[in-house]
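Visitor: Supplied in structure tokens, the structure appears directly below.
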2 protein chains.
Amino acid sequence: MTNQVTVTDGFFSNYMELVRREVIPYQWKALNDEIPGAEKSGCIHNFKVTAGEETGEFYGMVFQDSDLAKWLEAAAYSLANHPDKELEAQVDSVIDLMGRAQREDGYLDTYFILKEPQNRWRCIRDCHELYCAGHFIEAAVAYYRATGKDKLLNILRKYVDLIASVFGKGEGQLPAYPGHEEIELALCKLYDVIGDEKYLNLAKYFIDERGQEPKYFIKELDTRGDTFHWDGNDHYGLPYFQSHAPVREQQDATGHAVRDMYLCTGMADVATRTNDKTLKEACWRLAKSVYDKQMYVTGAIGSTHHGEAFTFDYDLPNDTVYGETCASIGLIFFMKRMLEMEHNALYADVMERALYNTVLAGMALDGKSFFYVNPLEVFPEADKKDPLKAHVKTVRQKWFACACCPPNVARLLSDIGEYIYQAEGDTVTVNLFIGSKLSGKDFTLLQESGVPYDGKASFTVNCESEKKLTLRIRKPFWASEVQCDTDYAEDKGYLVIEKTFRDGECVSFDFAMPVRRVYANPAVREDVDKVAVMRGPLVYCLEEKDNGKNLHLVHLPEDATFTERCGNGILFGIKTLQTTGYIKENRQCSLYSFEKKTEMTPCTLHFIPYFAWANRGENEMTVWVRE
Amino acid sequence: MTNQVTVTDGFFSNYMELVRREVIPYQWKALNDEIPGAEKSGCIHNFKVTAGEETGEFYGMVFQDSDLAKWLEAAAYSLANHPDKELEAQVDSVIDLMGRAQREDGYLDTYFILKEPQNRWRCIRDCHELYCAGHFIEAAVAYYRATGKDKLLNILRKYVDLIASVFGKGEGQLPAYPGHEEIELALCKLYDVIGDEKYLNLAKYFIDERGQEPKYFIKELDTRGDTFHWDGNDHYGLPYFQSHAPVREQQDATGHAVRDMYLCTGMADVATRTNDKTLKEACWRLAKSVYDKQMYVTGAIGSTHHGEAFTFDYDLPNDTVYGETCASIGLIFFMKRMLEMEHNALYADVMERALYNTVLAGMALDGKSFFYVNPLEVFPEADKKDPLKAHVKTVRQKWFACACCPPNVARLLSDIGEYIYQAEGDTVTVNLFIGSKLSGKDFTLLQESGVPYDGKASFTVNCESEKKLTLRIRKPFWASEVQCDTDYAEDKGYLVIEKTFRDGECVSFDFAMPVRRVYANPAVREDVDKVAVMRGPLVYCLEEKDNGKNLHLVHLPEDATFTERCGNGILFGIKTLQTTGYIKENRQCSLYSFEKKTEMTPCTLHFIPYFAWANRGENEMTVWVRE
């Protein structure tokens with residue numbers, strides 16, 4: 001590894017510490033069923049039973065193993081940043097357990113070993129064997145990179161050899177592909193670390209075969225006599241699985257949002273590594289379909305609970321939204337790959353939007369509870385009494401029966417350093433403004449940044465002698481003005497500085513970060529005549545706690561000016577915004593009236609960053625405000 | 001029968017003729033499976049098989065019999081207005097068939113006879129034996145009243161005797177009540193026509209027992225080993241069935257809207273006939289819960305598809321609404337009973353609102369297709385692609401697999417004369433402005449009315465000698481001013497004229513009928529900053545056909561004035577409204593923008609009556625418009 005990133009950011013280091021100190025230990029306990037009152041996980045138990053070291057039955061979802069995988073990956077990133085003997089010992093012990101649980105032929109999925117041994121690979125559409133394998137591969141690569149230890153890597157290589165023998169177009173092989181994508185991107189990581197083309201080829205096979213005729217999932221269902229693993233999964237057609245068409249022919253982000261983003265990530269990985277033109281074109285098209293037509297202002301994606309899915313262009317309801325935390329994490333993965341495919345800052349803009357808003361909102365400020373669904377508008381009575389909003393929780397939950405989001409947040413935040421830079425030779429691209437140190441071959445680059453609350457950012461180069469570098473600094477979309485102490489050119493949204501640096505030399509930027517109003521495209525029916533408030537990368541929102549009830553009656557005048565405040569209590573350290581608005585006072589008793597019986601009354605409005613909402617108990621919240 | 005009403009209305013006679021000429025014959029064919037391409041009914045077939053006159057299996061829903069019952073009732077009303085030998089012969093022949101299908105002990109439900117003979121009365125929660133019985137009782141009473149023929153009445157009396165022996169609190173009886181209410185109100189009709197208290201007592205028993213502890217439906221499910229007749233019915237709890245609490249303790253309109261309205265109708269029937277104070281109070285409370293908190297401006301009720309149900313106060317989404325046609329018909333039934341309990345014009349206001357808007361919208365102008373769901377906002381792409389709106393159809397359907405609405409519309413419109421007046425001795429209350437003749441003991445009252453397009457109404461009394469009458473003419477809520485050629489007092493929303501009429505003497509009213517803007521209570525989140533347009537009892541709407549796409553971007557200025565137009569084509573005879581508004585033109589390409597890139601452009605707006613929407617193909621529609 002030539003390029004190492006150490007995060008030293010005032011804002012994100014807190015989150016990484018939270019993950020290290022709170023989330024990873026908490027989740028370890030959860031995996032071990034040691035949290036009183038929390039939903040049982042059964043994850044470690046399942047491995048122990050599989051290894052013959054405990055008695056009992058399989059517990060949990062068909063993809064329960066993946067919780068361990070994501071925890072392992074998060075732990076690996078944390079160890080890379082912050083060595084910790086105790087944690088490393090925990091990881092090693094669970095890897096040993098996995099080794100003992102692995103079958104002779106390499107197979108390793110506790111659900112099928114314990115519960116349906118006769119059905120291995122027979123329920124690829126609904127079950128998650130390949131998905132779990134993918135997550136373990138990611139964990140194995142992460143742990144190998146963090147510690148150099150290859151035991152988990154070898155367990156997974158053995159498993160992948162089995163998978164490669166089972167799937168494919170050859171005689172006796174299954175011409176199948178995963179119901180839940182994930183292994184494609186994981187195989188590319190394995191390829192990157194091992195260098196063996198067979199991993200890339202298997203990833204490419206899964207990508208290429210997806211959606212081809214005859215449709216494997218229909219054939220499989222047929223073979224299974226139309227039985228479904230999941231109640232209700234029969235309502236989902238091929239688009240849910242992105243298998244309605246070959247991936248190169250897909251026009252819009254479609255179906256289950258997490259699956260689609262994992263697929264797109266894998267597609268971009270394969271396209272970049274094989275320089276596949278049509279696959280790249282599909283990636284560009286699908287990326288644009290997301291950020292230009294189907295993404296919330298918070299970077300949330302997935303407009304409906306039904307299938308946790310994309311719906312159609314400009315359909316972005318704020319209250320019935322799904323906006324799964326994992327989907328925005330998947331979007332960040334995809335955008336990172338798009339940046340690798342093409343240095344265009346707009347992918348980083350999207351990444352930053354999803355990261356600072358939806359992903360951070362997915363976790364409580366104390367790291368102890370999580371959102372699965374991230375609404376932009378909450379009216380607690382509706383979320384309790386309207387069945388269409390039953391999926392929207394008004395307070396974060398401790399641990400979910402389907403616990404995908406918490407460990408996903410943990411692994412992303414632990415690994416956030418990997419999203420800041422792209423360093424290739426003497427060119428360093430800066431995509432995120434997160435204080436950090438990039439250690440290159442013969443230089444280090446020290447970034448200091450006030451983002452998200454302040455637009456100042458400086459980059460100091462340390463080198464033994466002089467060092468000629470090209471710095472490509474992303475010009476953030478939220479900056480109304482850029483000041484820089486050095487000359488720069490502009491290219492695809494980046495400020496490009498070519499310069500020979502002396503040791504300790506610095507370039508500084510001041511990105512003006514005024515409060516900005518955001519207007520949605522009028523095709524977004526739910527946001528007409530409304531405005532959202534942003535400052536820097538942060539989307540702001542109104543909470544009942546600060547603004548009283550009936551946030552749907554709040555109006556923000558076109559000329560309102562904002563003053564910055566410091567949050568207190570749990571919001572300490574967070575910058576809030578204050579302005580004067582109006583609330584439509586209700587003087588109407590009857591349900592309908594021929595006279596307008598409302599009155600606009602001035603009121604003080606307090607906006608807080610969206611990521612900080614729902615940290616002070618259940619209450620109304622809205623991102624979009626009437627203008 | 002002392003009071004007979006003959007409808008001679010320019011507006012409604014058309015509808016009644018449509019029902020007589022189109023709907024009743026069409027539905028007869030549908031019941032007999034004689035409509036090519038339409039969903040099979042199987043209804044008559046089931047009776048023939050039950051009577052041993054045809055072979056085959058039961059076809060259709062568990063409540064398939066009720067389609068015949070509602071058709072019979074509609075046919076009976078039609079025969080009362082318009083004798084028709086052929087139709088009467090059809091009715092008589094099917095009554096004969098029913099007689100042959102009836103079991104020795106009086107039982108008569110083709111589903112259970114043919115399909116689950118062992119499960120009679122064992123699935124009261126989910127199945128519809130008592131509901132079907134109720135509809136047949138209504139039909140029998142209607143046919144007896146129309147023709148004096150009592151064969152059907154006797155079939156039903158025999159069936160009711162069996163029901164009365166099965167249900168009750170006595171030894172060996174089932175302490176049960178219907179899963180779908182209907183028989184309660186029907187038994188009161190039977191009581192009115194036969195005079196035997198046992199019918200009223202059985203109705204009262206069903207009302208009183210409902211929701212008592214121990215909860216019968218829970219016990220029944222237990223006995224059945226938690227099996228459900230309907231897939232998914234396990235998602236519905238006791239409130240869906242209005243069985244969460246004794247009816248006298250219920251605070252809000254709750255659960256399945258049609259069931260609730262049928263229950264409330266039966267409650268009011270029993271309360272009036274037994275002068276039951278606490279039951280009356282419950283009726284007042286539940287009526288107010290509907291019209292003051294849970295009713296759309298069109299008189300639609302039922303805010304959610306999930307359980308076809310009420311949700312909570314002021315929750316009135318325009319696009320995901322259920323608003324079943326049958327629910328508004330049930331609301332009209334309930335309001336009629338409330339008027340019988342208390343002469344308060346506001347109940348008639350509600351009745352009129354539901355009738356002229358939702359009920360009429362339920363049927364196409366040609367009487368050939370029907371809406372089940374009556375949305376207030378339609379955006380066809382969303383209704384096709386958003387699973388939350390999949391229940392909203394953008395064009396009326398020929399016949400539904402669950403064909404409850406078409407025959408319900410038919411029976412209400414055929415019987416509309418019964419909703420116009422309440423005549424008690426020498427007092428005549430006029431609730432609806434529908435041209436008609438009321439024949440009393442020693443007078444006739446001739447109403448002429450221009451409603452819904454014109455506010456003039458006159459009442460001419462014909463009598464042999466002088467006749468002292470008290471006329472209580474409803475002062476319609478939509479009249480901005482009242483002119484009358486006679487002195488009147490006011491009482492509970494009625495204009496009261498006590499007067500000795502000479503033969504041919506007339507009183508005339510001119511109710512000013514300007515175009516009026518309607519404002520929803522600001523607690524209705526979906527209608528904030530929006531306005532609806534009414535003229536007289538008619539709610540108006542915008543359709544894409546007249547106004548182009550993107551109706552969500554249309555704005556109606558506060559000072560807009562309207563001119564009246566005559567519709568043409570299929571809208572011939574319908575008054576439309578024209579004004580000048582603005583449309584927010586979209587100049588924004590990106591999904592989000594820091595600049596407002598819209599522009600208000602003047603445009604002509606054409607409003608049509610809501611009842612006439614969706615008669616010119618699929619298109620966008622909205623009732624509420626931004627102001």
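Chains: A, B, ... in order of the structure tokens. Residues: from 1 per chain. Ligands: from 1, in order shown.
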Using only C-alpha atoms and a cut-off of 6 Å, which residues of chain A sit close to chain B? Please list them as a list of chain:residue names.
Guide: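 So the contacting residues turn out to be A:Asp292, A:Arg517, A:Val518, A:Tyr519, A:Ala520, A:Asn521, A:Gln588, A:Leu591, A:Tyr592, A:Ser593, A:Phe594.
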Visitor: Would you save the residues of that selection, restricted to N, CA, C and O atoms, as a PDB file, in the first residue's frame?
Guide:
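What ended up in result.pdb:
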```pdb
ATOM      1  N   ASP A 292     -30.146  12.614 -11.012  1.00  0.00           N
ATOM      2  CA  ASP A 292     -30.868  13.644 -11.757  1.00  0.00           C
ATOM      3  C   ASP A 292     -32.374  13.463 -11.702  1.00  0.00           C
ATOM      4  O   ASP A 292     -33.120  14.355 -12.098  1.00  0.00           O
ATOM      5  N   ARG A 517     -30.935  28.534  -0.435  1.00  0.00           N
ATOM      6  CA  ARG A 517     -32.238  27.922  -0.641  1.00  0.00           C
ATOM      7  C   ARG A 517     -32.144  26.934  -1.778  1.00  0.00           C
ATOM      8  O   ARG A 517     -31.541  27.227  -2.803  1.00  0.00           O
ATOM      9  N   VAL A 518     -32.790  25.823  -1.596  1.00  0.00           N
ATOM     10  CA  VAL A 518     -32.789  24.814  -2.655  1.00  0.00           C
ATOM     11  C   VAL A 518     -34.201  24.676  -3.202  1.00  0.00           C
ATOM     12  O   VAL A 518     -35.156  24.557  -2.434  1.00  0.00           O
ATOM     13  N   TYR A 519     -34.294  24.698  -4.516  1.00  0.00           N
ATOM     14  CA  TYR A 519     -35.578  24.470  -5.174  1.00  0.00           C
ATOM     15  C   TYR A 519     -35.523  23.139  -5.903  1.00  0.00           C
ATOM     16  O   TYR A 519     -34.568  22.863  -6.625  1.00  0.00           O
ATOM     17  N   ALA A 520     -36.548  22.353  -5.679  1.00  0.00           N
ATOM     18  CA  ALA A 520     -36.631  21.093  -6.421  1.00  0.00           C
ATOM     19  C   ALA A 520     -37.181  21.380  -7.799  1.00  0.00           C
ATOM     20  O   ALA A 520     -37.911  22.360  -8.007  1.00  0.00           O
ATOM     21  N   ASN A 521     -36.836  20.530  -8.734  1.00  0.00           N
ATOM     22  CA  ASN A 521     -37.453  20.616 -10.053  1.00  0.00           C
ATOM     23  C   ASN A 521     -38.972  20.554  -9.890  1.00  0.00           C
ATOM     24  O   ASN A 521     -39.479  19.723  -9.141  1.00  0.00           O
ATOM     25  N   GLN A 588     -60.010  28.233  11.898  1.00  0.00           N
ATOM     26  CA  GLN A 588     -61.147  27.548  11.295  1.00  0.00           C
ATOM     27  C   GLN A 588     -61.514  26.322  12.125  1.00  0.00           C
ATOM     28  O   GLN A 588     -60.679  25.471  12.388  1.00  0.00           O
ATOM     29  N   LEU A 591     -64.415  21.603   9.097  1.00  0.00           N
ATOM     30  CA  LEU A 591     -63.500  20.925   8.188  1.00  0.00           C
ATOM     31  C   LEU A 591     -63.343  21.721   6.894  1.00  0.00           C
ATOM     32  O   LEU A 591     -62.245  21.850   6.365  1.00  0.00           O
ATOM     33  N   TYR A 592     -64.458  22.295   6.399  1.00  0.00           N
ATOM     34  CA  TYR A 592     -64.406  23.108   5.178  1.00  0.00           C
ATOM     35  C   TYR A 592     -65.083  24.439   5.434  1.00  0.00           C
ATOM     36  O   TYR A 592     -66.043  24.519   6.207  1.00  0.00           O
ATOM     37  N   SER A 593     -64.596  25.451   4.761  1.00  0.00           N
ATOM     38  CA  SER A 593     -65.167  26.774   4.956  1.00  0.00           C
ATOM     39  C   SER A 593     -65.097  27.544   3.644  1.00  0.00           C
ATOM     40  O   SER A 593     -64.161  27.365   2.865  1.00  0.00           O
ATOM     41  N   PHE A 594     -66.100  28.376   3.420  1.00  0.00           N
ATOM     42  CA  PHE A 594     -66.064  29.235   2.233  1.00  0.00           C
ATOM     43  C   PHE A 594     -65.203  30.475   2.486  1.00  0.00           C
ATOM     44  O   PHE A 594     -64.932  31.229   1.577  1.00  0.00           O
TER      45      PHE A 594
END
```
Visitor: Identify, with DSSP run on backbone atoms, the residues in range 69-289 of chain A assigned to helix (DSSP H, G or I), and express the list as a PyMOL selection string.
Guide: chain A and resi 69-81+85-101+110-114+117-119+129-147+151-166+183-194+197-209+216-223+233-235+238-241+247-249+257-274+277-289
Visitor: Within 8 Å of range 15-27 of chain B, counting only C-alpha atoms, which residues show up once you throw out same-chain ones fewer than 4 positions away? Write them as a count of residues only, please.
Guide: 13
Visitor: Find the spatial neighbours of Gly536 in chain B, counting only C-alpha atoms, within a cut-off of 10 Å - ignore same-chain residues fewer than 3 positions away - and output them as a compact mmCIF listing (two decimals) with N, CA and C atoms, in the first residue's frame.
Guide:
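Below you can see part.txt, which holds the result:
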```
# COMPACT_ATOMS: atom_id res chain seq x y z
N ARG B 353 -73.74 16.46 -0.48
CA ARG B 353 -72.33 16.53 -0.90
C ARG B 353 -71.86 15.18 -1.43
N TYR B 356 -74.00 14.25 -4.91
CA TYR B 356 -73.72 14.97 -6.16
C TYR B 356 -72.26 14.84 -6.60
N VAL B 451 -81.45 22.98 -9.26
CA VAL B 451 -80.20 22.44 -8.68
C VAL B 451 -79.79 21.21 -9.50
N PRO B 452 -78.54 20.99 -9.79
CA PRO B 452 -77.37 21.62 -9.20
C PRO B 452 -76.85 22.87 -9.93
N TYR B 453 -77.47 23.25 -11.06
CA TYR B 453 -76.86 24.35 -11.83
C TYR B 453 -77.49 25.70 -11.56
N ASP B 454 -78.64 25.69 -10.91
CA ASP B 454 -79.38 26.92 -10.72
C ASP B 454 -80.06 26.82 -9.36
N GLY B 455 -80.08 27.94 -8.61
CA GLY B 455 -80.54 27.88 -7.22
C GLY B 455 -82.03 28.12 -7.04
N PRO B 476 -79.65 25.56 1.88
CA PRO B 476 -78.43 24.85 1.50
C PRO B 476 -77.17 25.61 1.93
N PHE B 477 -76.17 24.85 2.35
CA PHE B 477 -74.94 25.47 2.88
C PHE B 477 -74.22 26.28 1.82
N TRP B 478 -74.47 25.98 0.56
CA TRP B 478 -73.75 26.65 -0.52
C TRP B 478 -74.42 27.94 -0.96
N ALA B 479 -75.64 28.23 -0.45
CA ALA B 479 -76.35 29.43 -0.88
C ALA B 479 -75.77 30.65 -0.16
N SER B 480 -75.30 31.61 -0.93
CA SER B 480 -74.73 32.80 -0.29
C SER B 480 -75.84 33.74 0.17
N PHE B 511 -82.02 30.56 -4.25
CA PHE B 511 -80.78 30.42 -3.49
C PHE B 511 -79.63 30.88 -4.37
N ALA B 512 -78.99 31.95 -3.94
CA ALA B 512 -77.89 32.47 -4.76
C ALA B 512 -76.78 31.42 -4.82
N MET B 513 -76.31 31.17 -6.02
CA MET B 513 -75.38 30.07 -6.25
C MET B 513 -74.12 30.56 -6.95
N PRO B 514 -73.36 31.43 -6.27
CA PRO B 514 -72.12 31.90 -6.89
C PRO B 514 -71.05 30.80 -6.84
N VAL B 515 -70.04 30.96 -7.64
CA VAL B 515 -68.87 30.09 -7.51
C VAL B 515 -68.21 30.41 -6.18
N ARG B 516 -67.92 29.39 -5.41
CA ARG B 516 -67.33 29.63 -4.08
C ARG B 516 -66.02 28.88 -3.94
N VAL B 539 -68.81 20.09 -6.47
CA VAL B 539 -67.38 20.35 -6.37
C VAL B 539 -66.84 20.28 -7.79
```
Visitor: Would you kindly return, as a PyMOL selection string, each protein, DNA or RNA residue with an atom no farther than 7 Å from any atom of Phe611 in chain A, considering only C-alpha atoms and excluding same-chain residues fewer than 3 positions away?
Guide: chain A and resi 356-358+360-361
Visitor: Between CA of Phe206 in chain B and CA of Arg103 in chain B, what is the spacing in Å?
Guide: 23.8 Å
Visitor: List the spatial neighbours of Asn201 in chain A as a ChimeraX atom specification - criterion: any atom at most 9 Å away, only C-alpha atoms, same-chain residues fewer than 4 positions off excluded.
Guide: /A:187,197,205-206,270
Visitor: Neighbours of range 612-625 of chain B within 7 Å (only C-alpha atoms; same-chain residues fewer than 3 positions away dropped), as a list of chain:residue names?
Guide: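 In the requested form, the answer reads B:Ala361, B:Ala364, B:Leu365, B:Leu376, B:Glu377, B:Val378, B:Phe379, B:Pro380, B:Thr394, B:Val395, B:Asp527, B:Lys530, B:Val531, B:Ala532, B:Tyr540, B:Cys541, B:Leu542, B:Glu543, B:Glu544, B:Lys545, B:Lys549, B:Leu551, B:Val554, B:His555, B:Leu556, B:Ile608, B:Pro609.
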Visitor: Next, write the just-selected residues to a file, as an mmCIF file, in the first residue's frame, keeping N, CA and C atoms as the atom set.
Guide:
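Generated output (part.cif):
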```cif
data_model
loop_
_atom_site.group_PDB
_atom_site.id
_atom_site.type_symbol
_atom_site.label_atom_id
_atom_site.label_comp_id
_atom_site.auth_asym_id
_atom_site.auth_seq_id
_atom_site.Cartn_x
_atom_site.Cartn_y
_atom_site.Cartn_z
ATOM 1 N N ALA B 361 -69.892 10.511 -9.341
ATOM 2 C CA ALA B 361 -68.598 10.242 -9.991
ATOM 3 C C ALA B 361 -68.332 8.754 -10.087
ATOM 4 N N ALA B 364 -69.922 6.297 -14.815
ATOM 5 C CA ALA B 364 -69.656 7.077 -16.019
ATOM 6 C C ALA B 364 -70.938 7.762 -16.479
ATOM 7 N N LEU B 365 -70.791 8.820 -17.249
ATOM 8 C CA LEU B 365 -71.959 9.558 -17.734
ATOM 9 C C LEU B 365 -72.841 8.689 -18.622
ATOM 10 N N LEU B 376 -59.167 12.381 -5.445
ATOM 11 C CA LEU B 376 -59.334 13.814 -5.678
ATOM 12 C C LEU B 376 -58.159 14.373 -6.461
ATOM 13 N N GLU B 377 -57.207 13.514 -6.729
ATOM 14 C CA GLU B 377 -56.033 13.950 -7.487
ATOM 15 C C GLU B 377 -55.494 12.742 -8.219
ATOM 16 N N VAL B 378 -55.328 12.880 -9.490
ATOM 17 C CA VAL B 378 -54.854 11.757 -10.286
ATOM 18 C C VAL B 378 -53.725 12.210 -11.191
ATOM 19 N N PHE B 379 -52.663 11.451 -11.114
ATOM 20 C CA PHE B 379 -51.495 11.669 -11.965
ATOM 21 C C PHE B 379 -51.207 10.276 -12.517
ATOM 22 N N PRO B 380 -51.670 10.013 -13.748
ATOM 23 C CA PRO B 380 -51.689 8.616 -14.211
ATOM 24 C C PRO B 380 -50.381 7.854 -14.042
ATOM 25 N N THR B 394 -57.474 5.106 -13.149
ATOM 26 C CA THR B 394 -57.585 6.388 -13.829
ATOM 27 C C THR B 394 -58.757 6.406 -14.795
ATOM 28 N N VAL B 395 -59.278 5.229 -15.103
ATOM 29 C CA VAL B 395 -60.512 5.154 -15.901
ATOM 30 C C VAL B 395 -61.464 4.196 -15.208
ATOM 31 N N ASP B 527 -53.955 19.927 2.008
ATOM 32 C CA ASP B 527 -54.677 20.993 1.312
ATOM 33 C C ASP B 527 -54.217 22.396 1.717
ATOM 34 N N LYS B 530 -54.115 25.590 -0.564
ATOM 35 C CA LYS B 530 -54.883 25.194 -1.738
ATOM 36 C C LYS B 530 -56.351 25.560 -1.552
ATOM 37 N N VAL B 531 -57.051 25.524 -2.650
ATOM 38 C CA VAL B 531 -58.447 25.895 -2.632
ATOM 39 C C VAL B 531 -59.205 24.929 -3.545
ATOM 40 N N ALA B 532 -60.443 24.644 -3.163
ATOM 41 C CA ALA B 532 -61.314 23.876 -4.057
ATOM 42 C C ALA B 532 -62.403 24.822 -4.540
ATOM 43 N N TYR B 540 -65.987 21.222 -8.141
ATOM 44 C CA TYR B 540 -65.397 21.231 -9.482
ATOM 45 C C TYR B 540 -63.969 20.712 -9.458
ATOM 46 N N CYS B 541 -63.472 20.390 -10.614
ATOM 47 C CA CYS B 541 -62.092 19.907 -10.703
ATOM 48 C C CYS B 541 -61.480 20.344 -12.027
ATOM 49 N N LEU B 542 -60.161 20.243 -12.088
ATOM 50 C CA LEU B 542 -59.440 20.503 -13.338
ATOM 51 C C LEU B 542 -59.048 19.173 -13.944
ATOM 52 N N GLU B 543 -59.227 19.049 -15.227
ATOM 53 C CA GLU B 543 -58.728 17.863 -15.925
ATOM 54 C C GLU B 543 -57.684 18.268 -16.952
ATOM 55 N N GLU B 544 -56.737 17.380 -17.165
ATOM 56 C CA GLU B 544 -55.680 17.596 -18.150
ATOM 57 C C GLU B 544 -56.257 17.860 -19.546
ATOM 58 N N LYS B 545 -57.313 17.153 -19.864
ATOM 59 C CA LYS B 545 -57.983 17.306 -21.155
ATOM 60 C C LYS B 545 -58.253 18.783 -21.490
ATOM 61 N N LYS B 549 -51.079 19.234 -19.052
ATOM 62 C CA LYS B 549 -50.433 18.439 -18.004
ATOM 63 C C LYS B 549 -49.964 19.316 -16.842
ATOM 64 N N LEU B 551 -50.969 19.627 -13.595
ATOM 65 C CA LEU B 551 -51.986 20.367 -12.846
ATOM 66 C C LEU B 551 -51.477 20.761 -11.455
ATOM 67 N N VAL B 554 -50.542 24.396 -11.353
ATOM 68 C CA VAL B 554 -51.560 25.429 -11.600
ATOM 69 C C VAL B 554 -51.830 26.214 -10.323
ATOM 70 N N HIS B 555 -51.947 27.507 -10.460
ATOM 71 C CA HIS B 555 -52.275 28.379 -9.333
ATOM 72 C C HIS B 555 -53.500 29.202 -9.692
ATOM 73 N N LEU B 556 -54.406 29.310 -8.739
ATOM 74 C CA LEU B 556 -55.622 30.092 -8.931
ATOM 75 C C LEU B 556 -55.482 31.378 -8.113
ATOM 76 N N ILE B 608 -64.490 21.559 -14.500
ATOM 77 C CA ILE B 608 -65.717 20.802 -14.778
ATOM 78 C C ILE B 608 -66.204 20.199 -13.458
ATOM 79 N N PRO B 609 -67.485 19.860 -13.371
ATOM 80 C CA PRO B 609 -67.952 19.224 -12.139
ATOM 81 C C PRO B 609 -67.195 17.916 -11.902
#
```
Visitor: Counting only C-alpha atoms, which of B:Ser289, B:Thr561, B:Ser436, B:Gln90 gets nearest to Gln251 in chain B?
Guide: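 When distances to Gln251 in chain B are compared using only C-alpha atoms, the smallest one comes from B:Ser289.
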Visitor: Please indicate the distance in Å from CA of Arg100 in chain A to CA of Leu162 in chain A, rounded to one decimal place.
Guide: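 Computing it gives 17.0 Å between the two atoms.
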Visitor: Would you compute the distance between CA of Gly237 in chain B and CA of Ser66 in chain B? Give it in Å to one decimal.
Guide: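 Those two atoms sit 24.5 Å apart.
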